[in-house]
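Q: Handing over protein-v8.cif, mmCIF, C-alpha atoms.
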data_run
#
loop_
_atom_site.group_PDB
_atom_site.id
_atom_site.type_symbol
_atom_site.label_atom_id
_atom_site.label_comp_id
_atom_site.auth_asym_id
_atom_site.auth_seq_id
_atom_site.Cartn_x
_atom_site.Cartn_y
_atom_site.Cartn_z
ATOM 1 C CA MET A 19 0.000 0.000 0.000
ATOM 2 C CA ASN A 20 2.780 2.432 0.973
ATOM 3 C CA SER A 21 4.688 1.839 -2.246
ATOM 4 C CA ASN A 22 1.518 2.579 -4.240
ATOM 5 C CA ALA A 23 0.944 5.780 -2.260
ATOM 6 C CA SER A 24 4.537 6.780 -2.835
ATOM 7 C CA GLN A 25 4.201 6.099 -6.549
ATOM 8 C CA THR A 26 0.937 8.106 -6.783
ATOM 9 C CA ASN A 27 2.261 11.050 -4.808
ATOM 10 C CA HIS A 28 5.323 11.246 -7.000
ATOM 11 C CA HIS A 29 3.042 11.781 -9.962
ATOM 12 C CA SER A 30 0.734 14.478 -8.579
ATOM 13 C CA PHE A 31 -0.107 16.909 -5.796
ATOM 14 C CA ILE A 32 -3.479 18.292 -4.745
ATOM 15 C CA LEU A 33 -3.570 22.099 -4.468
ATOM 16 C CA THR A 34 -5.757 23.851 -1.898
ATOM 17 C CA GLY A 35 -8.113 26.718 -2.715
ATOM 18 C CA ILE A 36 -9.934 28.024 0.366
ATOM 19 C CA PRO A 37 -8.839 25.643 3.189
ATOM 20 C CA GLY A 38 -11.737 23.653 4.631
ATOM 21 C CA MET A 39 -14.248 25.300 2.287
ATOM 22 C CA PRO A 40 -13.752 23.824 -1.200
ATOM 23 C CA ASP A 41 -17.414 24.618 -2.052
ATOM 24 C CA LYS A 42 -16.579 28.344 -1.674
ATOM 25 C CA ASN A 43 -13.768 28.239 -4.290
ATOM 26 C CA PRO A 44 -15.993 29.618 -7.104
ATOM 27 C CA TRP A 45 -16.523 32.775 -5.018
ATOM 28 C CA MET A 46 -12.814 33.554 -5.417
ATOM 29 C CA ALA A 47 -12.840 33.092 -9.209
ATOM 30 C CA PHE A 48 -14.017 36.578 -10.153
ATOM 31 C CA PRO A 49 -11.940 38.581 -7.589
ATOM 32 C CA LEU A 50 -8.824 36.684 -8.729
ATOM 33 C CA GLY A 51 -9.725 37.196 -12.380
ATOM 34 C CA PHE A 52 -10.131 40.906 -11.654
ATOM 35 C CA LEU A 53 -6.682 41.068 -9.950
ATOM 36 C CA TYR A 54 -4.962 39.285 -12.859
ATOM 37 C CA THR A 55 -6.706 41.604 -15.342
ATOM 38 C CA LEU A 56 -5.576 44.661 -13.327
ATOM 39 C CA THR A 57 -2.005 43.307 -13.268
ATOM 40 C CA LEU A 58 -1.920 42.878 -17.059
ATOM 41 C CA LEU A 59 -3.616 46.231 -17.762
ATOM 42 C CA GLY A 60 -1.542 48.200 -15.238
ATOM 43 C CA ASN A 61 1.854 46.813 -16.185
ATOM 44 C CA GLY A 62 0.974 46.784 -19.888
ATOM 45 C CA THR A 63 0.064 50.482 -19.627
ATOM 46 C CA ILE A 64 3.413 51.279 -17.948
ATOM 47 C CA LEU A 65 5.315 49.483 -20.739
ATOM 48 C CA ALA A 66 3.287 51.167 -23.511
ATOM 49 C CA VAL A 67 3.566 54.680 -22.007
ATOM 50 C CA VAL A 68 7.351 54.417 -21.450
ATOM 51 C CA LYS A 69 7.746 53.218 -25.047
ATOM 52 C CA VAL A 70 5.815 56.115 -26.658
ATOM 53 C CA GLU A 71 6.681 58.965 -24.244
ATOM 54 C CA GLN A 72 10.099 60.404 -25.207
ATOM 55 C CA SER A 73 10.535 62.181 -21.846
ATOM 56 C CA LEU A 74 10.443 58.773 -20.100
ATOM 57 C CA HIS A 75 13.412 57.380 -22.046
ATOM 58 C CA GLU A 76 15.593 57.568 -18.919
ATOM 59 C CA PRO A 77 17.323 54.865 -16.819
ATOM 60 C CA MET A 78 14.727 55.122 -14.014
ATOM 61 C CA TYR A 79 11.890 54.216 -16.386
ATOM 62 C CA TYR A 80 13.841 51.459 -18.107
ATOM 63 C CA PHE A 81 14.218 49.832 -14.681
ATOM 64 C CA LEU A 82 10.488 50.421 -14.124
ATOM 65 C CA CYS A 83 9.808 48.484 -17.370
ATOM 66 C CA ILE A 84 11.969 45.601 -16.090
ATOM 67 C CA LEU A 85 9.952 45.663 -12.838
ATOM 68 C CA ALA A 86 6.662 45.640 -14.816
ATOM 69 C CA LEU A 87 7.813 42.645 -16.908
ATOM 70 C CA THR A 88 8.883 40.817 -13.723
ATOM 71 C CA ASP A 89 5.508 41.517 -12.069
ATOM 72 C CA VAL A 90 3.619 40.159 -15.094
ATOM 73 C CA SER A 91 5.880 37.067 -15.194
ATOM 74 C CA LEU A 92 5.392 36.418 -11.452
ATOM 75 C CA SER A 93 1.604 36.702 -11.848
ATOM 76 C CA MET A 94 1.579 34.427 -14.887
ATOM 77 C CA SER A 95 3.553 31.826 -12.883
ATOM 78 C CA THR A 96 0.644 31.414 -10.445
ATOM 79 C CA LEU A 97 -2.153 31.865 -13.010
ATOM 80 C CA PRO A 98 -2.433 28.260 -14.375
ATOM 81 C CA SER A 99 -2.969 26.623 -10.957
ATOM 82 C CA MET A 100 -5.207 29.457 -9.710
ATOM 83 C CA LEU A 101 -7.439 29.098 -12.801
ATOM 84 C CA SER A 102 -7.432 25.332 -12.426
ATOM 85 C CA ILE A 103 -8.707 25.457 -8.827
ATOM 86 C CA PHE A 104 -10.985 28.479 -8.688
ATOM 87 C CA TRP A 105 -12.428 28.461 -12.221
ATOM 88 C CA PHE A 106 -12.430 24.784 -13.208
ATOM 89 C CA ASN A 107 -12.454 23.057 -9.787
ATOM 90 C CA ALA A 108 -9.487 20.880 -10.836
ATOM 91 C CA PRO A 109 -7.018 20.956 -7.923
ATOM 92 C CA GLU A 110 -4.669 18.194 -9.122
ATOM 93 C CA ILE A 111 -1.271 19.179 -10.533
ATOM 94 C CA THR A 112 1.344 16.763 -11.871
ATOM 95 C CA PHE A 113 4.644 16.505 -10.026
ATOM 96 C CA ASP A 114 6.659 17.896 -12.964
ATOM 97 C CA ALA A 115 4.227 20.793 -13.496
ATOM 98 C CA CYS A 116 4.457 21.557 -9.761
ATOM 99 C CA ILE A 117 8.253 21.766 -9.661
ATOM 100 C CA THR A 118 8.248 23.826 -12.881
ATOM 101 C CA GLN A 119 5.824 26.311 -11.322
ATOM 102 C CA MET A 120 7.926 26.291 -8.130
ATOM 103 C CA PHE A 121 11.036 27.223 -10.154
ATOM 104 C CA PHE A 122 9.312 30.179 -11.851
ATOM 105 C CA ILE A 123 7.607 31.533 -8.705
ATOM 106 C CA HIS A 124 10.805 31.466 -6.624
ATOM 107 C CA GLY A 125 12.892 32.611 -9.607
ATOM 108 C CA PHE A 126 10.791 35.676 -10.397
ATOM 109 C CA GLY A 127 10.588 36.486 -6.661
ATOM 110 C CA VAL A 128 14.408 36.684 -6.587
ATOM 111 C CA VAL A 129 14.411 38.677 -9.865
ATOM 112 C CA GLU A 130 11.953 41.206 -8.389
ATOM 113 C CA SER A 131 14.156 41.659 -5.327
ATOM 114 C CA GLY A 132 17.197 42.198 -7.588
ATOM 115 C CA VAL A 133 15.307 44.736 -9.730
ATOM 116 C CA LEU A 134 14.400 46.712 -6.579
ATOM 117 C CA VAL A 135 18.127 46.800 -5.666
ATOM 118 C CA SER A 136 18.940 48.049 -9.193
ATOM 119 C CA MET A 137 16.320 50.780 -8.824
ATOM 120 C CA ALA A 138 17.834 51.835 -5.480
ATOM 121 C CA PHE A 139 21.237 52.127 -7.225
ATOM 122 C CA ASP A 140 19.546 54.175 -9.974
ATOM 123 C CA ARG A 141 18.099 56.623 -7.392
ATOM 124 C CA PHE A 142 21.470 56.874 -5.629
ATOM 125 C CA VAL A 143 23.309 57.765 -8.876
ATOM 126 C CA ALA A 144 20.564 60.237 -9.918
ATOM 127 C CA ILE A 145 20.752 62.124 -6.599
ATOM 128 C CA ARG A 146 24.492 61.787 -5.929
ATOM 129 C CA ASP A 147 25.709 62.688 -9.439
ATOM 130 C CA PRO A 148 22.778 64.134 -11.477
ATOM 131 C CA LEU A 149 24.973 65.672 -14.199
ATOM 132 C CA ARG A 150 26.578 62.323 -15.068
ATOM 133 C CA TYR A 151 23.429 60.235 -14.412
ATOM 134 C CA ALA A 152 22.645 59.400 -18.066
ATOM 135 C CA SER A 153 26.321 58.859 -18.972
ATOM 136 C CA ILE A 154 26.843 56.437 -16.032
ATOM 137 C CA LEU A 155 23.616 54.435 -16.487
ATOM 138 C CA THR A 156 23.895 53.818 -20.227
ATOM 139 C CA HIS A 157 21.636 51.412 -22.144
ATOM 140 C CA GLY A 158 24.492 48.894 -22.157
ATOM 141 C CA LEU A 159 24.941 49.019 -18.380
ATOM 142 C CA ILE A 160 21.172 48.746 -17.741
ATOM 143 C CA GLY A 161 21.076 45.673 -20.033
ATOM 144 C CA LYS A 162 24.024 44.108 -18.175
ATOM 145 C CA ILE A 163 22.402 44.800 -14.783
ATOM 146 C CA GLY A 164 19.189 43.141 -16.037
ATOM 147 C CA LEU A 165 21.106 40.072 -17.223
ATOM 148 C CA VAL A 166 23.028 39.789 -13.921
ATOM 149 C CA VAL A 167 19.756 40.002 -11.932
ATOM 150 C CA LEU A 168 18.205 37.272 -14.125
ATOM 151 C CA ALA A 169 21.322 35.059 -14.062
ATOM 152 C CA ARG A 170 21.565 35.310 -10.261
ATOM 153 C CA ALA A 171 17.926 34.197 -9.884
ATOM 154 C CA VAL A 172 18.371 31.248 -12.274
ATOM 155 C CA CYS A 173 21.583 30.115 -10.531
ATOM 156 C CA VAL A 174 20.193 30.194 -6.971
ATOM 157 C CA VAL A 175 16.778 28.646 -7.818
ATOM 158 C CA PHE A 176 18.066 26.060 -10.336
ATOM 159 C CA PRO A 177 18.937 23.408 -7.657
ATOM 160 C CA VAL A 178 15.465 23.649 -6.026
ATOM 161 C CA PRO A 179 13.575 21.292 -8.432
ATOM 162 C CA PHE A 180 16.359 18.684 -8.085
ATOM 163 C CA LEU A 181 16.336 18.973 -4.283
ATOM 164 C CA ILE A 182 12.581 18.305 -4.310
ATOM 165 C CA LYS A 183 12.789 15.538 -6.929
ATOM 166 C CA ARG A 184 15.236 13.479 -4.839
ATOM 167 C CA LEU A 185 12.768 13.296 -1.900
ATOM 168 C CA PRO A 186 10.399 10.334 -1.439
ATOM 169 C CA PHE A 187 6.718 11.299 -0.935
ATOM 170 C CA CYS A 188 4.672 8.706 0.911
ATOM 171 C CA ARG A 189 2.502 10.960 3.096
ATOM 172 C CA SER A 190 -0.446 13.125 2.132
ATOM 173 C CA ASN A 191 -0.039 14.802 -1.248
ATOM 174 C CA VAL A 192 -2.222 17.806 -0.332
ATOM 175 C CA LEU A 193 -0.375 21.142 -0.545
ATOM 176 C CA SER A 194 -1.539 24.043 1.618
ATOM 177 C CA HIS A 195 -1.612 26.687 -1.164
ATOM 178 C CA SER A 196 -3.150 27.105 -4.601
ATOM 179 C CA TYR A 197 0.320 27.025 -6.215
ATOM 180 C CA CYS A 198 3.568 25.131 -5.587
ATOM 181 C CA LEU A 199 6.225 26.440 -3.193
ATOM 182 C CA HIS A 200 9.448 24.702 -2.154
ATOM 183 C CA GLN A 201 8.754 24.888 1.605
ATOM 184 C CA ASP A 202 5.195 23.622 1.109
ATOM 185 C CA ALA A 203 6.122 20.549 -0.991
ATOM 186 C CA MET A 204 9.151 19.825 1.215
ATOM 187 C CA ARG A 205 7.051 19.275 4.359
ATOM 188 C CA LEU A 206 5.168 16.397 2.644
ATOM 189 C CA ALA A 207 8.349 14.327 2.205
ATOM 190 C CA CYS A 208 8.854 11.208 4.312
ATOM 191 C CA ALA A 209 12.648 11.597 4.527
ATOM 192 C CA SER A 210 15.007 14.144 6.060
ATOM 193 C CA THR A 211 14.592 17.601 4.495
ATOM 194 C CA ARG A 212 17.570 19.145 6.290
ATOM 195 C CA VAL A 213 19.481 19.834 3.026
ATOM 196 C CA ASN A 214 16.388 21.491 1.493
ATOM 197 C CA SER A 215 15.763 23.615 4.595
ATOM 198 C CA LEU A 216 19.403 24.685 4.826
ATOM 199 C CA TYR A 217 19.626 25.522 1.127
ATOM 200 C CA GLY A 218 16.336 27.475 1.280
ATOM 201 C CA LEU A 219 17.582 29.464 4.288
ATOM 202 C CA ILE A 220 20.951 30.256 2.621
ATOM 203 C CA VAL A 221 19.204 31.410 -0.579
ATOM 204 C CA VAL A 222 16.807 33.679 1.354
ATOM 205 C CA ILE A 223 19.670 35.236 3.372
ATOM 206 C CA LEU A 224 21.969 35.734 0.348
ATOM 207 C CA THR A 225 19.246 37.125 -1.949
ATOM 208 C CA LEU A 226 16.236 38.713 -0.219
ATOM 209 C CA GLY A 227 18.073 39.410 3.061
ATOM 210 C CA LEU A 228 21.201 40.835 1.419
ATOM 211 C CA ASP A 229 19.091 42.842 -1.061
ATOM 212 C CA ALA A 230 17.103 44.417 1.789
ATOM 213 C CA LEU A 231 20.379 45.476 3.476
ATOM 214 C CA ILE A 232 21.769 46.933 0.217
ATOM 215 C CA ILE A 233 18.536 48.916 -0.348
ATOM 216 C CA LEU A 234 18.674 50.189 3.257
ATOM 217 C CA PHE A 235 22.339 51.185 2.852
ATOM 218 C CA SER A 236 21.517 52.928 -0.466
ATOM 219 C CA TYR A 237 18.887 55.035 1.259
ATOM 220 C CA VAL A 238 21.268 55.928 4.086
ATOM 221 C CA LEU A 239 23.677 57.263 1.415
ATOM 222 C CA ILE A 240 20.799 58.988 -0.449
ATOM 223 C CA LEU A 241 19.614 60.666 2.777
ATOM 224 C CA LYS A 242 23.175 61.767 3.563
ATOM 225 C CA THR A 243 23.457 63.327 0.074
ATOM 226 C CA VAL A 244 20.014 64.982 0.291
ATOM 227 C CA LEU A 245 20.789 66.534 3.687
ATOM 228 C CA GLY A 246 23.850 68.123 2.080
ATOM 229 C CA ILE A 247 21.680 70.020 -0.442
ATOM 230 C CA ALA A 248 21.338 73.666 0.606
ATOM 231 C CA SER A 249 17.867 74.423 -0.796
ATOM 232 C CA ARG A 250 14.874 72.948 1.082
ATOM 233 C CA ALA A 251 12.842 72.829 -2.146
ATOM 234 C CA GLU A 252 15.620 70.869 -3.904
ATOM 235 C CA ARG A 253 15.859 68.464 -0.945
ATOM 236 C CA LEU A 254 12.122 67.741 -1.133
ATOM 237 C CA LYS A 255 12.284 67.369 -4.922
ATOM 238 C CA ALA A 256 15.139 64.841 -4.623
ATOM 239 C CA LEU A 257 13.313 62.816 -1.953
ATOM 240 C CA ASN A 258 10.088 62.923 -3.965
ATOM 241 C CA THR A 259 11.789 61.051 -6.846
ATOM 242 C CA CYS A 260 12.401 58.166 -4.405
ATOM 243 C CA LEU A 261 8.838 57.835 -3.060
ATOM 244 C CA SER A 262 7.559 55.460 -5.765
ATOM 245 C CA HIS A 263 10.545 53.164 -5.288
ATOM 246 C CA ILE A 264 10.147 53.198 -1.481
ATOM 247 C CA CYS A 265 6.473 52.199 -1.957
ATOM 248 C CA ALA A 266 7.492 49.359 -4.324
ATOM 249 C CA VAL A 267 10.061 48.103 -1.765
ATOM 250 C CA LEU A 268 7.465 48.187 1.049
ATOM 251 C CA LEU A 269 4.869 46.445 -1.167
ATOM 252 C CA PHE A 270 7.361 43.641 -1.796
ATOM 253 C CA TYR A 271 8.920 43.195 1.651
ATOM 254 C CA ILE A 272 5.990 43.813 4.055
ATOM 255 C CA PRO A 273 3.741 41.010 2.641
ATOM 256 C CA LEU A 274 6.844 38.771 2.380
ATOM 257 C CA ILE A 275 7.764 39.348 6.043
ATOM 258 C CA GLY A 276 4.097 38.983 7.067
ATOM 259 C CA ALA A 277 3.705 35.672 5.190
ATOM 260 C CA THR A 278 7.017 34.381 6.636
ATOM 261 C CA MET A 279 6.038 35.341 10.215
ATOM 262 C CA ILE A 280 2.629 33.688 9.909
ATOM 263 C CA HIS A 281 4.228 30.562 8.390
ATOM 264 C CA ARG A 282 6.776 30.344 11.241
ATOM 265 C CA PHE A 283 4.778 31.507 14.288
ATOM 266 C CA GLY A 284 1.115 31.355 13.254
ATOM 267 C CA LYS A 285 0.541 27.594 13.525
ATOM 268 C CA HIS A 286 -2.512 28.290 15.762
ATOM 269 C CA LEU A 287 -4.107 30.620 13.191
ATOM 270 C CA SER A 288 -6.823 29.543 10.745
ATOM 271 C CA PRO A 289 -5.524 28.038 7.452
ATOM 272 C CA VAL A 290 -7.579 30.745 5.707
ATOM 273 C CA VAL A 291 -5.219 33.389 7.204
ATOM 274 C CA HIS A 292 -2.190 31.491 5.839
ATOM 275 C CA MET A 293 -3.838 31.267 2.409
ATOM 276 C CA PHE A 294 -4.776 34.952 2.438
ATOM 277 C CA MET A 295 -1.252 36.139 3.391
ATOM 278 C CA ALA A 296 0.452 33.846 0.845
ATOM 279 C CA ASN A 297 -1.811 35.155 -1.930
ATOM 280 C CA ILE A 298 -1.331 38.800 -0.848
ATOM 281 C CA TYR A 299 2.469 38.323 -1.047
ATOM 282 C CA LEU A 300 2.305 37.121 -4.665
ATOM 283 C CA LEU A 301 -0.680 39.069 -6.036
ATOM 284 C CA LEU A 302 -0.551 42.502 -4.351
ATOM 285 C CA PRO A 303 2.783 43.993 -5.626
ATOM 286 C CA PRO A 304 2.058 43.302 -9.344
ATOM 287 C CA VAL A 305 -1.358 45.006 -8.981
ATOM 288 C CA LEU A 306 -0.258 48.026 -6.921
ATOM 289 C CA ASN A 307 3.193 48.832 -8.380
ATOM 290 C CA PRO A 308 1.818 50.283 -11.662
ATOM 291 C CA ILE A 309 -0.829 52.253 -9.714
ATOM 292 C CA VAL A 310 1.845 53.756 -7.412
ATOM 293 C CA TYR A 311 4.103 54.737 -10.340
ATOM 294 C CA SER A 312 1.160 56.116 -12.353
ATOM 295 C CA VAL A 313 0.026 58.294 -9.448
ATOM 296 C CA LYS A 314 3.542 59.533 -8.604
ATOM 297 C CA THR A 315 4.898 60.040 -12.169
ATOM 298 C CA LYS A 316 3.462 63.114 -13.883
ATOM 299 C CA GLN A 317 4.366 62.023 -17.444
ATOM 300 C CA ILE A 318 2.738 58.583 -17.037
ATOM 301 C CA ARG A 319 -0.359 60.119 -15.421
ATOM 302 C CA ARG A 320 -0.630 62.755 -18.159
ATOM 303 C CA ARG A 321 -0.310 60.207 -20.973
ATOM 304 C CA ILE A 322 -3.000 57.930 -19.448
ATOM 305 C CA ILE A 323 -5.377 60.920 -19.077
ATOM 306 C CA GLN A 324 -4.694 61.886 -22.721
ATOM 307 C CA VAL A 325 -5.625 58.381 -23.894
ATOM 308 C CA PHE A 326 -8.901 58.420 -21.928
ATOM 309 C CA ARG A 327 -9.756 61.931 -23.138
ATOM 310 C CA GLY A 328 -9.029 60.903 -26.733
ATOM 311 C CA ARG A 329 -11.368 57.912 -26.436
ATOM 312 C CA LYS A 330 -14.071 60.101 -24.872
ATOM 313 C CA ASN A 331 -13.803 62.631 -27.728
ATOM 314 C CA MET A 332 -13.946 59.810 -30.309
ATOM 315 C CA SER A 333 -17.118 58.434 -28.743
#
How does the structure come out when it is put into structure tokens?

A:
Amino acid sequence: MNSNASQTNHHSFILTGIPGMPDKNPWMAFPLGFLYTLTLLGNGTILAVVKVEQSLHEPMYYFLCILALTDVSLSMSTLPSMLSIFWFNAPEITFDACITQMFFIHGFGVVESGVLVSMAFDRFVAIRDPLRYASILTHGLIGKIGLVVLARAVCVVFPVPFLIKRLPFCRSNVLSHSYCLHQDAMRLACASTRVNSLYGLIVVILTLGLDALIILFSYVLILKTVLGIASRAERLKALNTCLSHICAVLLFYIPLIGATMIHRFGKHLSPVVHMFMANIYLLLPPVLNPIVYSVKTKQIRRRIIQVFRGRKNMS
């Protein structure tokens, strides 16, 4: 019996929609569909506006485009399993599809963190050396930074599918989320997961943890530079250019920290709370980042208003 269970569980996992309330899953279908639509529309608008608006052909907005592409990719990584559960009531996912999704979710999470570090560097250069800003952050350098961020993510996440694949699964094959995560699949194994846990911890410290420290250090240097500016109006103007990025950093790290805390210390909490926090961590930043940048960037806001006015006049 055990060998059969092991064989079955190696071939598939069962994803969880709303824990303990599978009959309520259809209620989540339309809100999730709305969030995915907002993500595509918002980030697509950012990409289109930066492309057509000449005044936005600056390093800051090229990094914003990389962030928008990362947000869309992260959302699309969770979309297949979310649709499967909430729209088609089909919670089963094959083992290979699960580890593929796991690779992309963790990979794009690390990419997003790296992009936020790049954007902090961009703000530091713009405020520290504004006259040489465009000559330092050339198209070539921005491209290289993008490739390094992507390569780092691929290198650190690449071992994860193999670490999961080597484990025997002879317990329950029910995952606690509506998508596949390394830590979630790992706990179902019926062998020691010490190597997986240690590797996961090292990756988190050397990517997300280190990135958070670099961003913090960047802002210490930015603040030091800003305080050295004589004019109060110029100080406020310099800080104002950082507000959108600060919001993007908070949108990424606060749900991440919240989800991690609840996972570690919230064992007594309802599974619904765990599900809600895990979904917020993955779905909220891609929805809100384009809204934050649209509200805070005059050129993007103006171009969007022009498009809506043009459509109104046409109708």

Q: Counting all atoms listed in the file, which residue out of A:Leu159, A:Leu50, A:Met295, A:Leu269 sits closest to His281 in chain A?

A: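 Nearest to His281 in chain A: A:Met295.
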
Q: I need the output of the PyMOL selection byres ((chain A and resi 117-125) around 8) for this file as a list in words; which residues are they?

A: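 Given this file, the PyMOL selection byres ((chain A and resi 117-125) around 8) evaluates to Leu92, Ser95, Thr96, Phe113, Asp114, Ala115, Cys116, Phe126, Gly127, Val128, Val129, Ala171, Val172, Val175, Phe176, Val178, Pro179, Ile182, Tyr197, Cys198, Leu199 and His200 of chain A.
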
Q: Using all atoms listed in the file, which protein or nucleic acid residues come within 12 Å of Gly227 in chain A? Drop anything in the same chain fewer than 4 positions from it, and give the result as a list of chain:residue names.

A: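 Listed by chain and then number, they are A:Val128, A:Ser131, A:Gly132, A:Val135, A:Leu219, A:Ile220, A:Val221, A:Val222, A:Ile223, A:Leu231, A:Ile232, A:Ile233, A:Leu234, A:Tyr271, A:Leu274, A:Ile275.
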
Q: Write the residues of the selection above to a file with C-alpha atoms, as a short mmCIF file (atom, residue, chain, number, x, y, z; two decimals), in the coordinates of the input.

A:
data_model
loop_
_atom_site.label_atom_id
_atom_site.label_comp_id
_atom_site.auth_asym_id
_atom_site.auth_seq_id
_atom_site.Cartn_x
_atom_site.Cartn_y
_atom_site.Cartn_z
CA VAL A 128 14.41 36.68 -6.59
CA SER A 131 14.16 41.66 -5.33
CA GLY A 132 17.20 42.20 -7.59
CA VAL A 135 18.13 46.80 -5.67
CA LEU A 219 17.58 29.46 4.29
CA ILE A 220 20.95 30.26 2.62
CA VAL A 221 19.20 31.41 -0.58
CA VAL A 222 16.81 33.68 1.35
CA ILE A 223 19.67 35.24 3.37
CA LEU A 231 20.38 45.48 3.48
CA ILE A 232 21.77 46.93 0.22
CA ILE A 233 18.54 48.92 -0.35
CA LEU A 234 18.67 50.19 3.26
CA TYR A 271 8.92 43.20 1.65
CA LEU A 274 6.84 38.77 2.38
CA ILE A 275 7.76 39.35 6.04
#

Q: Please identify all polymer residues within 9 Å of range 137-146 of chain A, counting all atoms listed in the file, omitting same-chain residues fewer than 2 positions from it, and present them as an NGL selection string.

A: :A and (77-78 or 81-82 or 132-135 or 148-152 or 154-155 or 232-234 or 236-237 or 239-240 or 243-244 or 256-257 or 259-260 or 263-264)

Q: Mind listing as a PyMOL selection string all residues within 12 Å of (-3.1, 60.4, -15.0), counting only C-alpha atoms?

A: chain A and resi 63-64+67+308-327

Q: Could you write out the selected residues, including C-alpha atoms, as a short mmCIF file (atom, residue, chain, number, x, y, z; two decimals), in the frame of the given file?

A:
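What landed in result11.cif:
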data_model
loop_
_atom_site.label_atom_id
_atom_site.label_comp_id
_atom_site.auth_asym_id
_atom_site.auth_seq_id
_atom_site.Cartn_x
_atom_site.Cartn_y
_atom_site.Cartn_z
CA THR A 63 0.06 50.48 -19.63
CA ILE A 64 3.41 51.28 -17.95
CA VAL A 67 3.57 54.68 -22.01
CA PRO A 308 1.82 50.28 -11.66
CA ILE A 309 -0.83 52.25 -9.71
CA VAL A 310 1.84 53.76 -7.41
CA TYR A 311 4.10 54.74 -10.34
CA SER A 312 1.16 56.12 -12.35
CA VAL A 313 0.03 58.29 -9.45
CA LYS A 314 3.54 59.53 -8.60
CA THR A 315 4.90 60.04 -12.17
CA LYS A 316 3.46 63.11 -13.88
CA GLN A 317 4.37 62.02 -17.44
CA ILE A 318 2.74 58.58 -17.04
CA ARG A 319 -0.36 60.12 -15.42
CA ARG A 320 -0.63 62.76 -18.16
CA ARG A 321 -0.31 60.21 -20.97
CA ILE A 322 -3.00 57.93 -19.45
CA ILE A 323 -5.38 60.92 -19.08
CA GLN A 324 -4.69 61.89 -22.72
CA VAL A 325 -5.62 58.38 -23.89
CA PHE A 326 -8.90 58.42 -21.93
CA ARG A 327 -9.76 61.93 -23.14
#

Q: Please measure the separation of CA of Cys265 in chain A and CA of Leu302 in chain A, giving the value in Å to one decimal.

A: 12.2 Å

Q: Run the PyMOL selection byres ((chain A and resi 204-211) around 8) on the file and write out the hits as a list in words.

A: Ile182, Leu185, Pro186, Phe187, Cys188, Arg189, Ser190, Asn191, Leu193, His200, Gln201, Asp202, Ala203, Arg212, Val213, Asn214 and Ser215 of chain A

Q: Would you compute the distance between CA of Phe294 in chain A and CA of Pro44 in chain A? Give it in Å to one decimal.

A: 15.7 Å

Q: Which residue gives the smallest distance to Leu181 in chain A among A:Val70, A:Ser30, A:Leu216, A:Val267, with all atoms listed in the file counted?

A: A:Leu216
